[in-house]
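A.B. asks: Structure file data-v2.cif (mmCIF, C-alpha atoms) is given on the next line.
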data_protein
#
loop_
_atom_site.label_atom_id
_atom_site.label_comp_id
_atom_site.auth_asym_id
_atom_site.auth_seq_id
_atom_site.Cartn_x
_atom_site.Cartn_y
_atom_site.Cartn_z
CA MET A 192 90.82 31.02 96.30
CA SER A 193 93.49 31.46 98.96
CA LEU A 194 92.13 32.12 102.43
CA THR A 195 93.24 33.67 105.68
CA LEU A 196 91.53 33.18 109.01
CA ARG A 197 91.40 35.62 111.91
CA THR A 198 89.29 36.75 114.84
CA ILE A 199 86.58 39.20 113.76
CA SER A 200 84.27 41.57 115.65
CA ARG A 201 80.69 40.65 116.47
CA GLU A 202 79.54 43.41 114.12
CA GLN A 203 81.47 41.90 111.20
CA HIS A 204 80.14 38.46 112.07
CA LEU A 205 76.54 39.66 112.25
CA ALA A 206 76.81 41.61 108.98
CA TYR A 207 78.07 38.45 107.28
CA ILE A 208 75.19 36.32 108.66
CA GLN A 209 72.71 38.99 107.53
CA SER A 210 74.11 38.82 103.99
CA LEU A 211 73.15 35.12 103.71
CA PRO A 212 69.76 33.54 102.93
CA SER A 213 69.97 31.86 106.37
CA ALA A 214 72.29 30.26 108.94
CA SER A 215 71.82 28.30 112.15
CA HIS A 216 70.59 30.29 115.15
CA MET A 217 73.57 28.76 117.00
CA GLN A 218 75.97 30.58 114.69
CA VAL A 219 74.74 34.13 115.28
CA PRO A 220 77.04 36.22 117.53
CA ALA A 221 74.34 36.59 120.23
CA TRP A 222 74.29 32.82 120.79
CA ALA A 223 77.52 33.35 122.74
CA ASP A 224 75.53 35.42 125.27
CA VAL A 225 72.95 32.65 125.58
CA LYS A 226 75.75 30.17 126.38
CA ALA A 227 77.22 32.43 129.06
CA GLU A 228 79.12 29.60 130.79
CA TRP A 229 81.33 29.19 127.69
CA ARG A 230 84.03 31.58 126.49
CA SER A 231 83.47 32.58 122.86
CA GLU A 232 85.26 33.84 119.77
CA ASN A 233 84.07 35.00 116.35
CA LEU A 234 86.16 33.66 113.47
CA GLY A 235 86.26 35.01 109.92
CA TRP A 236 87.64 33.54 106.69
CA PHE A 237 88.87 36.14 104.18
CA ASP A 238 89.57 35.87 100.46
CA GLU A 239 93.21 37.01 100.31
CA ARG A 240 92.78 38.49 96.84
CA THR A 241 89.81 40.76 97.57
CA GLY A 242 89.99 41.01 101.37
CA GLU A 243 86.31 40.03 101.44
CA LEU A 244 84.82 38.09 104.37
CA VAL A 245 83.65 34.77 102.87
CA GLY A 246 82.93 32.62 105.95
CA ALA A 247 82.32 32.91 109.69
CA GLY A 248 82.11 30.73 112.76
CA LEU A 249 81.05 31.14 116.37
CA VAL A 250 83.39 29.10 118.59
CA LEU A 251 82.42 28.25 122.15
CA TYR A 252 85.25 27.25 124.51
CA ARG A 253 84.59 25.04 127.53
CA GLN A 254 87.45 24.77 130.03
CA LEU A 255 88.43 21.36 131.37
CA PRO A 256 88.21 21.17 135.17
CA LYS A 257 91.53 22.12 136.85
CA ILE A 258 93.55 22.71 133.65
CA LYS A 259 93.77 25.60 131.20
CA ARG A 260 92.78 23.55 128.15
CA TYR A 261 89.53 23.83 126.23
CA LEU A 262 86.99 21.95 124.21
CA ALA A 263 86.27 24.18 121.17
CA TYR A 264 82.72 23.74 119.86
CA LEU A 265 81.11 25.19 116.72
CA PRO A 266 77.42 24.19 117.02
CA GLU A 267 75.84 23.75 113.55
CA GLY A 268 78.84 25.51 112.06
CA PRO A 269 81.10 26.99 110.88
CA VAL A 270 79.24 28.88 108.15
CA ILE A 271 81.58 28.27 105.23
CA ASN A 272 81.39 26.85 101.71
CA TRP A 273 81.23 23.17 102.66
CA PHE A 274 81.19 22.07 99.03
CA ALA A 275 84.38 23.95 98.13
CA PRO A 276 86.86 21.66 96.33
CA ASN A 277 89.60 22.95 98.67
CA LEU A 278 87.86 22.13 101.98
CA ASP A 279 91.31 21.60 103.56
CA ASP A 280 92.11 25.28 103.03
CA TRP A 281 89.07 26.22 105.14
CA ILE A 282 89.49 23.67 107.92
CA GLN A 283 93.25 23.45 108.53
CA PRO A 284 93.78 27.14 109.45
CA MET A 285 90.83 26.82 111.86
CA LEU A 286 92.43 23.81 113.61
CA ALA A 287 95.79 25.60 113.84
CA HIS A 288 94.10 28.69 115.31
CA LEU A 289 92.06 26.72 117.86
CA LYS A 290 95.14 24.79 118.96
CA GLN A 291 96.90 28.10 119.53
CA GLN A 292 93.94 29.18 121.68
CA GLY A 293 94.51 26.19 123.99
CA ALA A 294 91.93 23.78 122.54
CA PHE A 295 92.64 20.08 123.10
CA SER A 296 89.66 18.95 121.01
CA VAL A 297 87.37 20.50 118.39
CA LYS A 298 83.74 19.59 117.81
CA MET A 299 81.73 20.96 114.89
CA GLY A 300 78.44 20.29 113.14
CA PRO A 301 78.59 20.92 109.38
CA PRO A 302 75.20 22.37 108.34
CA VAL A 303 75.05 19.94 105.42
CA ILE A 304 71.99 17.77 104.69
CA ILE A 305 72.67 14.26 103.30
CA ARG A 306 69.18 12.83 102.81
CA ARG A 307 65.51 13.79 102.91
CA TRP A 308 62.41 11.62 103.26
CA GLY A 309 58.92 12.91 102.43
CA ALA A 310 55.98 12.33 104.79
CA ALA A 311 54.41 9.76 102.42
CA SER A 312 57.58 7.62 102.40
CA ILE A 313 57.84 7.77 106.20
CA LYS A 314 54.18 6.75 106.64
CA LYS A 315 54.74 3.80 104.33
CA GLY A 316 57.85 2.88 106.35
CA ILE A 317 55.94 3.02 109.65
CA GLN A 318 53.44 0.49 108.25
CA ASP A 319 56.20 -1.90 107.11
CA PRO A 320 57.20 -4.34 109.91
CA ASP A 321 60.70 -4.74 108.41
CA VAL A 322 61.41 -1.03 108.71
CA LYS A 323 62.90 -0.06 112.08
CA ARG A 324 64.74 3.18 111.26
CA LEU A 325 64.54 6.06 108.82
CA ARG A 326 67.66 4.75 107.09
CA ASP A 327 65.76 1.55 106.19
CA ILE A 328 63.56 3.64 103.89
CA GLU A 329 64.81 4.70 100.49
CA ALA A 330 65.43 8.46 100.65
CA ASP A 331 63.45 10.77 98.35
CA PHE A 332 66.49 13.03 98.01
CA ILE A 333 70.20 12.34 98.38
CA GLU A 334 72.97 14.97 98.26
CA PRO A 335 76.01 13.21 96.74
CA ARG A 336 78.32 16.13 97.64
CA ALA A 337 77.59 15.49 101.35
CA PHE A 338 79.32 12.10 101.09
CA GLU A 339 82.34 13.80 99.54
CA VAL A 340 82.46 16.22 102.50
CA ALA A 341 82.36 13.26 104.93
CA ASP A 342 85.19 11.52 103.03
CA LYS A 343 87.33 14.66 103.07
CA LEU A 344 86.80 15.12 106.82
CA ARG A 345 87.78 11.51 107.53
CA ARG A 346 90.92 11.89 105.44
CA MET A 347 91.82 15.01 107.45
CA GLY A 348 91.56 13.00 110.68
CA TRP A 349 88.07 14.03 111.87
CA GLN A 350 86.20 11.30 113.72
CA GLN A 351 82.61 10.24 113.97
CA GLY A 352 81.18 7.40 116.05
CA GLU A 353 79.14 4.55 114.58
CA ASP A 354 75.90 6.06 115.86
CA GLY A 355 76.74 9.29 114.05
CA GLY A 356 77.82 10.96 117.26
CA ALA A 357 81.55 11.17 117.48
CA GLY A 358 83.22 10.49 120.81
CA PHE A 359 80.78 11.91 123.32
CA GLY A 360 77.80 11.86 120.96
CA ASP A 361 75.94 14.44 118.95
CA VAL A 362 74.87 17.40 121.03
CA GLN A 363 72.57 18.80 118.31
CA PRO A 364 69.99 16.61 116.58
CA ARG A 365 71.21 14.76 113.52
CA TYR A 366 67.66 14.17 112.26
CA VAL A 367 65.18 17.03 112.02
CA PHE A 368 61.73 17.55 110.57
CA GLN A 369 61.09 20.49 108.22
CA VAL A 370 58.13 21.93 106.34
CA PRO A 371 59.36 23.53 103.09
CA LEU A 372 57.59 26.84 102.36
CA ALA A 373 59.44 28.17 99.30
CA ASN A 374 57.32 28.34 96.12
CA ARG A 375 54.25 26.95 97.89
CA SER A 376 50.97 28.60 98.81
CA LEU A 377 49.60 28.35 102.36
CA GLU A 378 46.67 26.40 100.88
CA GLU A 379 49.13 23.78 99.56
CA VAL A 380 50.88 23.59 102.93
CA HIS A 381 47.53 23.08 104.70
CA ARG A 382 46.42 20.52 102.11
CA ASP A 383 49.56 18.44 102.81
CA PHE A 384 48.71 18.12 106.51
CA ASN A 385 47.27 14.71 107.27
CA GLN A 386 43.56 14.33 108.06
CA LEU A 387 44.13 14.20 111.80
CA TRP A 388 46.06 17.50 111.78
CA ARG A 389 43.41 19.25 109.68
CA ARG A 390 40.67 17.87 111.91
CA ASN A 391 42.52 18.98 115.07
CA ILE A 392 43.09 22.52 113.72
CA LYS A 393 39.36 22.74 112.97
CA LYS A 394 38.49 21.33 116.40
CA ALA A 395 40.64 23.99 118.13
CA GLU A 396 39.03 26.74 116.05
CA LYS A 397 35.52 25.51 116.88
CA ALA A 398 36.35 25.29 120.59
CA GLY A 399 37.55 28.91 120.53
CA VAL A 400 41.26 28.27 121.14
CA GLU A 401 43.18 31.49 120.54
CA VAL A 402 46.89 31.73 119.82
CA VAL A 403 48.67 34.86 121.02
CA GLN A 404 52.24 36.14 121.08
CA GLY A 405 53.87 36.84 124.41
CA GLY A 406 56.82 38.98 125.53
CA TYR A 407 59.64 38.90 128.05
CA HIS A 408 57.19 39.39 130.95
CA ASP A 409 55.37 36.16 129.91
CA LEU A 410 58.42 33.94 130.29
CA GLU A 411 57.39 32.99 133.86
CA GLU A 412 54.13 31.61 132.47
CA TRP A 413 56.11 29.81 129.77
CA GLN A 414 58.30 28.29 132.50
CA ARG A 415 55.24 27.02 134.39
CA LEU A 416 54.05 25.04 131.34
CA TYR A 417 57.56 23.93 130.47
CA GLU A 418 58.16 22.48 133.94
CA ILE A 419 54.85 20.57 133.79
CA THR A 420 56.09 19.11 130.47
CA ALA A 421 59.47 18.19 131.98
CA VAL A 422 57.81 16.18 134.76
CA ARG A 423 55.50 14.42 132.29
CA ASP A 424 58.22 13.65 129.72
CA HIS A 425 61.03 12.89 132.22
CA PHE A 426 63.65 15.46 131.23
CA ARG A 427 65.57 18.03 133.23
CA PRO A 428 64.19 21.50 132.45
CA ARG A 429 66.37 24.52 131.82
CA PRO A 430 65.92 27.29 134.42
CA LEU A 431 63.83 30.41 133.76
CA ALA A 432 67.05 32.48 133.73
CA TYR A 433 68.18 30.60 130.60
CA PHE A 434 65.10 31.65 128.62
CA GLN A 435 65.28 35.21 129.95
CA ARG A 436 68.90 35.40 128.83
CA MET A 437 68.01 33.88 125.48
CA TRP A 438 65.21 36.41 124.92
CA THR A 439 67.35 39.40 125.88
CA ALA A 440 70.48 38.33 123.96
CA LEU A 441 68.79 37.28 120.74
CA ASN A 442 66.27 40.13 120.53
CA ASN A 443 68.91 42.74 121.37
CA GLU A 444 70.80 41.50 118.31
CA ASP A 445 67.70 41.47 116.12
CA PRO A 446 64.26 42.46 117.49
CA ASN A 447 62.68 39.65 115.46
CA ARG A 448 65.06 36.83 116.42
CA MET A 449 62.96 35.11 119.10
CA ARG A 450 59.21 34.92 119.63
CA LEU A 451 56.96 33.34 122.25
CA TYR A 452 53.51 31.88 121.54
CA PHE A 453 50.66 30.69 123.77
CA ALA A 454 47.55 28.71 122.86
CA ARG A 455 44.78 29.50 125.33
CA HIS A 456 41.23 28.39 125.94
CA ASN A 457 38.77 30.31 128.12
CA GLY A 458 41.64 32.54 129.23
CA VAL A 459 43.83 29.61 130.38
CA ASN A 460 47.19 28.97 128.69
CA LEU A 461 47.33 25.32 127.63
CA SER A 462 50.46 25.21 125.49
CA ALA A 463 53.39 27.42 124.60
CA ALA A 464 56.35 27.50 122.22
CA THR A 465 59.42 29.53 121.38
CA MET A 466 60.27 30.41 117.79
CA LEU A 467 63.66 31.48 116.40
CA ILE A 468 64.24 33.33 113.13
CA VAL A 469 67.45 33.75 111.10
CA GLY A 470 66.86 34.97 107.55
CA GLY A 471 64.58 32.54 105.73
CA HIS A 472 64.94 29.77 108.31
CA VAL A 473 62.39 29.63 111.13
CA TRP A 474 62.62 27.12 113.99
CA TYR A 475 60.06 25.84 116.44
CA SER A 476 62.60 25.70 119.21
CA TYR A 477 61.04 24.68 122.57
CA GLY A 478 57.52 23.46 123.24
CA ALA A 479 55.48 23.05 126.42
CA SER A 480 51.95 22.02 127.33
CA ASP A 481 49.71 21.50 130.34
CA ASN A 482 48.21 18.13 131.27
CA ILE A 483 44.74 19.62 130.93
CA GLY A 484 42.78 20.84 127.90
CA ARG A 485 44.33 18.46 125.40
CA GLU A 486 40.92 17.67 123.91
CA VAL A 487 40.72 21.16 122.37
CA ARG A 488 44.00 20.54 120.47
CA PRO A 489 45.97 23.65 121.50
CA SER A 490 49.30 22.37 120.12
CA ASN A 491 47.95 21.89 116.59
CA ALA A 492 46.39 25.36 116.64
CA MET A 493 49.64 26.91 117.85
CA GLN A 494 51.80 25.17 115.22
CA TRP A 495 49.45 26.25 112.44
CA ARG A 496 49.62 29.87 113.62
CA MET A 497 53.43 29.75 113.91
CA LEU A 498 53.70 28.23 110.47
CA ARG A 499 51.48 30.95 108.99
CA ASP A 500 53.56 33.63 110.73
CA ALA A 501 56.76 32.06 109.38
CA TYR A 502 55.21 32.13 105.91
CA ALA A 503 54.26 35.80 106.32
CA LEU A 504 57.89 36.55 107.27
CA GLY A 505 58.96 35.12 103.92
CA ALA A 506 60.52 31.98 105.42
CA THR A 507 61.63 29.25 103.02
CA VAL A 508 61.53 26.55 105.70
CA TYR A 509 59.67 25.97 108.97
CA ASP A 510 61.87 23.70 111.07
CA LEU A 511 60.33 21.52 113.78
CA ARG A 512 63.83 20.56 114.97
CA GLY A 513 64.86 17.15 116.31
CA ILE A 514 63.33 13.74 115.78
CA SER A 515 64.68 10.28 116.54
CA ASP A 516 65.42 8.07 113.53
CA SER A 517 63.53 5.20 115.17
CA LEU A 518 60.24 4.15 113.54
CA ASP A 519 59.55 1.52 116.17
CA GLU A 520 56.14 2.22 117.74
CA SER A 521 57.34 0.95 121.14
CA ASP A 522 60.12 3.60 121.18
CA HIS A 523 59.29 6.42 123.63
CA LEU A 524 60.29 8.99 120.98
CA PHE A 525 58.02 7.55 118.29
CA GLY A 526 55.15 9.91 119.18
CA LEU A 527 57.35 12.88 118.32
CA ILE A 528 57.98 11.81 114.73
CA GLN A 529 54.34 10.79 114.36
CA PHE A 530 53.19 14.29 115.44
CA LYS A 531 55.64 16.03 113.08
CA VAL A 532 54.99 13.75 110.08
CA GLY A 533 51.38 14.93 110.28
CA THR A 534 52.50 18.33 108.93
CA GLY A 535 53.28 16.71 105.58
CA GLY A 536 56.89 17.97 105.65
CA GLN A 537 60.18 16.12 105.30
CA ALA A 538 62.64 14.41 107.61
CA ALA A 539 66.19 15.59 106.94
CA GLU A 540 69.44 13.94 108.00
CA TYR A 541 72.44 16.19 108.63
CA LEU A 542 76.06 15.11 108.39
CA GLY A 543 76.14 14.94 112.19
CA GLU A 544 78.82 16.24 114.54
CA TRP A 545 82.54 15.56 114.09
CA ASP A 546 85.48 15.61 116.52
CA PHE A 547 89.11 16.42 115.95
CA PRO A 548 91.36 15.44 118.89
CA LEU A 549 94.22 17.96 119.00
CA ASN A 550 95.48 16.21 122.12
CA LYS A 551 94.52 12.53 122.00
CA LEU A 552 95.10 11.88 125.70
CA LEU A 553 92.90 14.76 126.92
CA HIS A 554 90.28 13.97 124.28
CA LYS A 555 90.11 10.37 125.51
CA ALA A 556 89.85 11.57 129.13
CA LEU A 557 86.91 13.81 128.23
CA ASP A 558 85.31 10.95 126.29
CA ILE A 559 85.42 8.71 129.37
CA TYR A 560 84.18 11.53 131.62
CA MET A 561 81.20 12.27 129.31
CA SER A 562 80.25 8.59 128.97
CA ARG A 563 80.04 8.26 132.77
CA ARG A 564 77.75 11.24 133.25
#
Now, as a test, write the supplied structure out as structure tokens.
C.D. replies:
Amino acid sequence: MSLTLRTISREQHLAYIQSLPSASHMQVPAWADVKAEWRSENLGWFDERTGELVGAGLVLYRQLPKIKRYLAYLPEGPVINWFAPNLDDWIQPMLAHLKQQGAFSVKMGPPVIIRRWGAASIKKGIQDPDVKRLRDIEADFIEPRAFEVADKLRRMGWQQGEDGGAGFGDVQPRYVFQVPLANRSLEEVHRDFNQLWRRNIKKAEKAGVEVVQGGYHDLEEWQRLYEITAVRDHFRPRPLAYFQRMWTALNNEDPNRMRLYFARHNGVNLSAATMLIVGGHVWYSYGASDNIGREVRPSNAMQWRMLRDAYALGATVYDLRGISDSLDESDHLFGLIQFKVGTGGQAAEYLGEWDFPLNKLLHKALDIYMSRR
């Protein structure tokens, strides 16, 4: 198949995404509105023979301070046939186009999974003192074609750091935790939860925890819980305006793109979460909780409701997003994987993010700048 690449309209881009079983929420046209501080462009790959649109990518451009050169970033994209034998024919025109647009460096995240580990294997690994990382455990599934993709990218001159994050590190998580829903009943999904999860869901039910959906006007309440979480977990919270923009942009594109959930007890909101939906892929995107009321297990109740709603939407996967690959109990991120493993799902490792320096000097300068931040 011979391909041509050109800028496409948002409408064309959206229609293409809607024709697929799923794609990353960071590759829908509206994501450009969420990332308002970046300039954006919608790219399309066309089959020259038929004129049909066969691939798309959302590019975000970040200008370097003081000069008119850009970092071009395709988060969790582009959405192309990554296993095509002629991967060069997809990637080279993109690099040429981005260079023409003034990009000095390109960063992309192929949405390709290399390995998966089931909950049982991870639990066994946690109990083994010799196991320190996910990679130390034999994977339950390996995608051999993913290694071929990595080899092809390296041969083309794409770079990736030792830790998986090329140059200035992965921006998006390389390891995620997912609960597969395709060809399974809700009873099976519930049965695969560990005992603690099932007990906590029951506890929340008994205590009268209710889980409700919120709207745009509830984002201030979301922000309150989110900022409590940020203080407790030592991270810098995004401002309320970010979530308001996210809600407006994504739901204007598709009224069912973003949802907001609250778990409340005696009329008090104890935890909250945002959910994103693209085709059959549903993400638990951001989570927040108060320091009070933990004994009634609001977070477990909320996840179970979100999972059931995802199932009702016909989702094939419920994605709990990022985890660390560390299985060391003294690691501050260990609790996160422990919580997610309780759902009985799978850890998945993506190919990670890759950099292509179009201008080696500027790329190196950015690298140094990012490492000092």
A.B. asks: Of the candidates A:Trp474, A:Phe338, A:Tyr509, A:Trp222, which shows the shortest atom-to-atom distance to Asn443 of chain A, using all atoms listed in the file?
C.D. replies: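 Closest residue, counting all atoms listed in the file: A:Trp222.
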A.B. asks: Taking the point (84.6, 32.4, 116.3) as given in the file, collect each protein or nucleic acid residue that comes within 9 Å of it, counting all atoms listed in the file, and present the set as JSON, numbers by chain.
C.D. replies: {"A": [197, 198, 199, 204, 218, 220, 231, 232, 233, 234, 235, 247, 248, 249, 250, 251, 265, 269]}
A.B. asks: Under the PyMOL selection byres ((chain A and resi 376-390) around 8), which residues of this model are included? Write them out as a list in words.
C.D. replies: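 Checking the PyMOL selection byres ((chain A and resi 376-390) around 8) against this file, the residues are Leu372, Asn374, Arg375, Asn391, Ile392, Lys393, Lys394, Asn491, Arg499, Tyr502, Gly533, Thr534, Gly535 and Gly536 of chain A.
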A.B. asks: Just the residues within 10 Å of Gly246 of chain A, please, counting all atoms listed in the file, with nothing from its chain fewer than 3 positions along; format it as a PDB file with C-alpha atoms, in the frame of the given file.
C.D. replies:
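File written: out37.pdb
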ATOM      1  CA  LEU A 194      92.130  32.120 102.430  1.00  0.00           C
ATOM      2  CA  LEU A 196      91.530  33.180 109.010  1.00  0.00           C
ATOM      3  CA  HIS A 204      80.140  38.460 112.070  1.00  0.00           C
ATOM      4  CA  TYR A 207      78.070  38.450 107.280  1.00  0.00           C
ATOM      5  CA  ILE A 208      75.190  36.320 108.660  1.00  0.00           C
ATOM      6  CA  LEU A 234      86.160  33.660 113.470  1.00  0.00           C
ATOM      7  CA  GLY A 235      86.260  35.010 109.920  1.00  0.00           C
ATOM      8  CA  TRP A 236      87.640  33.540 106.690  1.00  0.00           C
ATOM      9  CA  PHE A 237      88.870  36.140 104.180  1.00  0.00           C
ATOM     10  CA  ASP A 238      89.570  35.870 100.460  1.00  0.00           C
ATOM     11  CA  GLU A 243      86.310  40.030 101.440  1.00  0.00           C
ATOM     12  CA  PRO A 269      81.100  26.990 110.880  1.00  0.00           C
ATOM     13  CA  VAL A 270      79.240  28.880 108.150  1.00  0.00           C
ATOM     14  CA  ILE A 271      81.580  28.270 105.230  1.00  0.00           C
ATOM     15  CA  ASN A 272      81.390  26.850 101.710  1.00  0.00           C
ATOM     16  CA  TRP A 281      89.070  26.220 105.140  1.00  0.00           C
TER      17      TRP A 281
END
A.B. asks: Give me, please, the distance in Å between atom CA of Asn277 of chain A and atom CA of Val340 of chain A, quoted to one decimal.
C.D. replies: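 Here the two named atoms are 10.5 Å from each other.
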A.B. asks: Kindly indicate which residue among A:Pro428, A:Arg563, A:Asp224, A:Ser213 lies nearest to Glu444 of chain A, using only C-alpha atoms for the distances.
C.D. replies: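 That would be A:Asp224, the residue with the smallest distance to Glu444 of chain A.
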A.B. asks: Show me, as number ranges by chain, the residues that have an atom within 6 Å of Arg307 of chain A when counting only C-alpha atoms, minus same-chain residues fewer than 6 positions from it.
C.D. replies: A: 330-332, 538-539
A.B. asks: Show me that you can extract segment 193-201 of chain A, keeping all heavy atoms, and write it as a PDB file, in the first residue's frame.
C.D. replies:
ATOM      1  N   SER A 193       0.706   2.115  -1.010  1.00  0.00           N
ATOM      2  CA  SER A 193       1.466   3.361  -0.973  1.00  0.00           C
ATOM      3  C   SER A 193       0.622   4.445  -0.323  1.00  0.00           C
ATOM      4  O   SER A 193      -0.589   4.553  -0.551  1.00  0.00           O
ATOM      5  CB  SER A 193       1.941   3.769  -2.363  1.00  0.00           C
ATOM      6  OG  SER A 193       0.911   3.578  -3.287  1.00  0.00           O
ATOM      7  N   LEU A 194       1.286   5.232   0.530  1.00  0.00           N
ATOM      8  CA  LEU A 194       0.591   6.169   1.411  1.00  0.00           C
ATOM      9  C   LEU A 194       0.966   7.612   1.131  1.00  0.00           C
ATOM     10  O   LEU A 194       2.095   7.901   0.745  1.00  0.00           O
ATOM     11  CB  LEU A 194       0.958   5.856   2.860  1.00  0.00           C
ATOM     12  CG  LEU A 194       0.583   4.473   3.396  1.00  0.00           C
ATOM     13  CD1 LEU A 194       1.394   4.149   4.620  1.00  0.00           C
ATOM     14  CD2 LEU A 194      -0.909   4.416   3.714  1.00  0.00           C
ATOM     15  N   THR A 195       0.008   8.509   1.366  1.00  0.00           N
ATOM     16  CA  THR A 195       0.345   9.934   1.406  1.00  0.00           C
ATOM     17  C   THR A 195      -0.141  10.482   2.734  1.00  0.00           C
ATOM     18  O   THR A 195      -1.107   9.979   3.316  1.00  0.00           O
ATOM     19  CB  THR A 195      -0.335  10.745   0.272  1.00  0.00           C
ATOM     20  OG1 THR A 195      -1.732  10.439   0.301  1.00  0.00           O
ATOM     21  CG2 THR A 195       0.230  10.418  -1.078  1.00  0.00           C
ATOM     22  N   LEU A 196       0.541  11.513   3.202  1.00  0.00           N
ATOM     23  CA  LEU A 196       0.203  12.104   4.496  1.00  0.00           C
ATOM     24  C   LEU A 196      -0.132  13.574   4.299  1.00  0.00           C
ATOM     25  O   LEU A 196       0.560  14.273   3.561  1.00  0.00           O
ATOM     26  CB  LEU A 196       1.400  11.962   5.434  1.00  0.00           C
ATOM     27  CG  LEU A 196       1.232  12.648   6.793  1.00  0.00           C
ATOM     28  CD1 LEU A 196       1.270  11.626   7.906  1.00  0.00           C
ATOM     29  CD2 LEU A 196       2.312  13.688   7.015  1.00  0.00           C
ATOM     30  N   ARG A 197      -1.199  14.029   4.922  1.00  0.00           N
ATOM     31  CA  ARG A 197      -1.515  15.461   4.869  1.00  0.00           C
ATOM     32  C   ARG A 197      -2.346  15.868   6.078  1.00  0.00           C
ATOM     33  O   ARG A 197      -2.891  15.029   6.794  1.00  0.00           O
ATOM     34  CB  ARG A 197      -2.215  15.821   3.559  1.00  0.00           C
ATOM     35  CG  ARG A 197      -3.561  15.163   3.335  1.00  0.00           C
ATOM     36  CD  ARG A 197      -4.208  15.715   2.049  1.00  0.00           C
ATOM     37  NE  ARG A 197      -5.518  15.136   1.796  1.00  0.00           N
ATOM     38  CZ  ARG A 197      -5.713  14.057   1.044  1.00  0.00           C
ATOM     39  NH1 ARG A 197      -4.696  13.433   0.486  1.00  0.00           N
ATOM     40  NH2 ARG A 197      -6.938  13.606   0.853  1.00  0.00           N
ATOM     41  N   THR A 198      -2.418  17.186   6.280  1.00  0.00           N
ATOM     42  CA  THR A 198      -3.256  17.719   7.358  1.00  0.00           C
ATOM     43  C   THR A 198      -4.714  17.437   7.017  1.00  0.00           C
ATOM     44  O   THR A 198      -5.130  17.579   5.868  1.00  0.00           O
ATOM     45  CB  THR A 198      -3.047  19.245   7.474  1.00  0.00           C
ATOM     46  OG1 THR A 198      -1.647  19.490   7.643  1.00  0.00           O
ATOM     47  CG2 THR A 198      -3.787  19.818   8.668  1.00  0.00           C
ATOM     48  N   ILE A 199      -5.479  17.016   8.030  1.00  0.00           N
ATOM     49  CA  ILE A 199      -6.920  16.760   7.811  1.00  0.00           C
ATOM     50  C   ILE A 199      -7.739  17.625   8.755  1.00  0.00           C
ATOM     51  O   ILE A 199      -7.208  18.209   9.709  1.00  0.00           O
ATOM     52  CB  ILE A 199      -7.273  15.262   8.025  1.00  0.00           C
ATOM     53  CG1 ILE A 199      -6.844  14.777   9.430  1.00  0.00           C
ATOM     54  CG2 ILE A 199      -6.663  14.390   6.933  1.00  0.00           C
ATOM     55  CD1 ILE A 199      -7.293  13.366   9.784  1.00  0.00           C
ATOM     56  N   SER A 200      -9.044  17.703   8.516  1.00  0.00           N
ATOM     57  CA  SER A 200      -9.917  18.494   9.393  1.00  0.00           C
ATOM     58  C   SER A 200     -10.228  17.681  10.654  1.00  0.00           C
ATOM     59  O   SER A 200     -10.084  16.449  10.669  1.00  0.00           O
ATOM     60  CB  SER A 200     -11.228  18.812   8.673  1.00  0.00           C
ATOM     61  OG  SER A 200     -11.991  17.616   8.512  1.00  0.00           O
ATOM     62  N   ARG A 201     -10.662  18.376  11.667  1.00  0.00           N
ATOM     63  CA  ARG A 201     -11.060  17.693  12.912  1.00  0.00           C
ATOM     64  C   ARG A 201     -12.190  16.706  12.655  1.00  0.00           C
ATOM     65  O   ARG A 201     -12.256  15.637  13.266  1.00  0.00           O
ATOM     66  CB  ARG A 201     -11.508  18.731  13.947  1.00  0.00           C
ATOM     67  CG  ARG A 201     -10.361  19.505  14.553  1.00  0.00           C
ATOM     68  CD  ARG A 201     -10.862  20.535  15.539  1.00  0.00           C
ATOM     69  NE  ARG A 201     -11.446  19.912  16.727  1.00  0.00           N
ATOM     70  CZ  ARG A 201     -11.199  20.329  17.969  1.00  0.00           C
ATOM     71  NH1 ARG A 201     -10.373  21.330  18.180  1.00  0.00           N
ATOM     72  NH2 ARG A 201     -11.774  19.751  18.983  1.00  0.00           N
TER      73      ARG A 201
END
